[in-house]
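Peer 1: Would you mind keeping the following structure in view while I ask a few things?
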Amino acid sequence: MNSLSNLLAHEIVDLYSAEEQIIDALPQMIEKAQNQELKKALEEHLRVTEKQKKRLEKVHKLIQQQDDSDEELGDTECKGMKGLIEEGQKAMKEDMEPEVMDAAIIASAQKIEHYEISGYGTARAFARELGMSEVEKLLSQTLDEEYEADDLLTTLAVGKEDISVKKLPASRSNSRSKASASRSTSRASSNGTTKRSSGARKSRTKKSSTASRGSKSTSSKSKNSSRSRSKSRAR
Ligand SMILES: [Fe+2]
């Protein structure tokens with residue numbers, strides 16, 4: 001591996017393996033998810049991921065026209081994705097309350113999304129540097145989709161009454177009181193929520209985890225903000 005284009009070719013082969021592993025892993029996550037909206041979001045992401053895999057085949061062909069690397073799709077197993085998926089599968093084997101299981105699935109899915117966002121962001125920056133505009137465009141498309149999936153998971157985790165992690169008991173002993181207190185707090189403080197969300201949005205360029213976001217208004221802004229985030233980033 002002697003050049004940036006060799007490195008880009010390698011990144012694409014790695015991302016291809018990541019997408020293949022996600023396609024294999026998602027059906028189990030869909031089956032384990034209890035909340036219907038979460039199930040739907042994961043099913044939709046499976047369809048999107050299959051398209052992303054095909055898009056990477058196109059990207060690989062385009063790079064091969066300019067690159068002397070002989071690395072082929074399927075040559076490499078992405079170890080990073082393998083580890084993330086194994087961690088998620090381990091968590092899903094635990095005996096959990098349905099709501100806790102959903103929160104664990106969202107946490108696992110967001111780790112996967114963040115890994116992909118990092119990988120696609122890097123690959124796009126390399127393509128841009130190499131003047132491969134078609135490759136850059138295709139990678140941007142996927143990057144936008146990954147941001148959207150991540151934003152949707154955040155909305156499901158902290159922005160919805162029926163699945164919100166705010167409903168989860170902090171511990172078994174205070175499960176009932178904590179859950180009902182949390183529900184009444186969120187109903188009674190819609191103004192406060194709006195204020196918090198505006199602060200959260202400001203910090204989103206630096207923080208993208210579930211914990212850093214949180215409001216219903218995030219969902220209405222998520223599509224636009226994810227696009228502008230991905231476009232405004234250097235990579
Ligand atoms: Fe993906």
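Identifiers in this document derive from the order of the structure tokens: chains are assigned A, B, ..., residues are numbered from 1 separately in each chain, and ligands are numbered from 1 in order of occurrence.
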May I have a table of the residues of chain A lying at most 7 Å from ligand 1, giving each one's closest pair of atoms and their distance in Å to one decimal, counting only C-alpha atoms and all ligand atoms, ordered by chain and ascending residue number, as a Markdown table?

Peer 2:
| residue | atom | partner | partner_atom_place_in_ligand_line | distance |
| --- | --- | --- | --- | --- |
| A:Glu19 | CA | ligand 1 | 1 (Fe) | 5.5 |
| A:Thr49 | CA | ligand 1 | 1 (Fe) | 4.9 |
| A:Gln52 | CA | ligand 1 | 1 (Fe) | 6.0 |
| A:Glu116 | CA | ligand 1 | 1 (Fe) | 6.2 |
| A:Thr142 | CA | ligand 1 | 1 (Fe) | 7.0 |
| A:Glu146 | CA | ligand 1 | 1 (Fe) | 6.1 |

Peer 1: Store the residues picked out above in a file with C-alpha atoms, as a short mmCIF file (atom, residue, chain, number, x, y, z; two decimals), in the first residue's frame.

Peer 2:
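Saved result, out_27.cif, follows:
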data_model
loop_
_atom_site.label_atom_id
_atom_site.label_comp_id
_atom_site.auth_asym_id
_atom_site.auth_seq_id
_atom_site.Cartn_x
_atom_site.Cartn_y
_atom_site.Cartn_z
CA GLU A 19 -22.02 -3.46 5.53
CA THR A 49 -27.86 -0.98 4.05
CA GLN A 52 -25.28 0.99 0.46
CA GLU A 116 -19.74 3.79 9.83
CA THR A 142 -24.26 7.01 2.24
CA GLU A 146 -25.90 7.04 8.24
#

Peer 1: Do a neighbour search on A:Asp24 at 12 Å with only C-alpha atoms, toss out local chain neighbours closer than 6 positions, and write the hits as an MDAnalysis selection string.

Peer 2: chainID A and resid 17:18 30 46 49:50 81:82 85:86 89

Peer 1: If you keep C-alpha atoms, can you produce a file of those selected residues as a short mmCIF file (atom, residue, chain, number, x, y, z; two decimals), in the first residue's frame?

Peer 2:
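Resulting contents of part-v5.cif:
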data_model
loop_
_atom_site.label_atom_id
_atom_site.label_comp_id
_atom_site.auth_asym_id
_atom_site.auth_seq_id
_atom_site.Cartn_x
_atom_site.Cartn_y
_atom_site.Cartn_z
CA SER A 17 -17.23 -6.06 4.87
CA ALA A 18 -18.81 -3.85 7.57
CA ILE A 30 -35.24 -6.66 14.47
CA LEU A 46 -31.70 -3.09 6.55
CA THR A 49 -27.86 -0.98 4.05
CA GLU A 50 -28.46 -3.35 1.12
CA MET A 81 -17.48 -4.06 12.97
CA LYS A 82 -17.13 -7.68 14.00
CA ILE A 85 -21.69 -6.67 16.46
CA GLU A 86 -20.43 -9.34 18.86
CA GLN A 89 -25.19 -9.91 20.36
#

Peer 1: One decimal, Å: what's the distance from atom CA of A:Asp150 over to atom CA of A:His114, could you say?

Peer 2: 7.7 Å

Peer 1: May I ask which of the residues A:Ile106, A:Lys111, A:Glu11, A:Ser3 is the closest one to A:Ala123, counting only C-alpha atoms?

Peer 2: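 Checking each candidate against A:Ala123, we get A:Glu11 as the closest.
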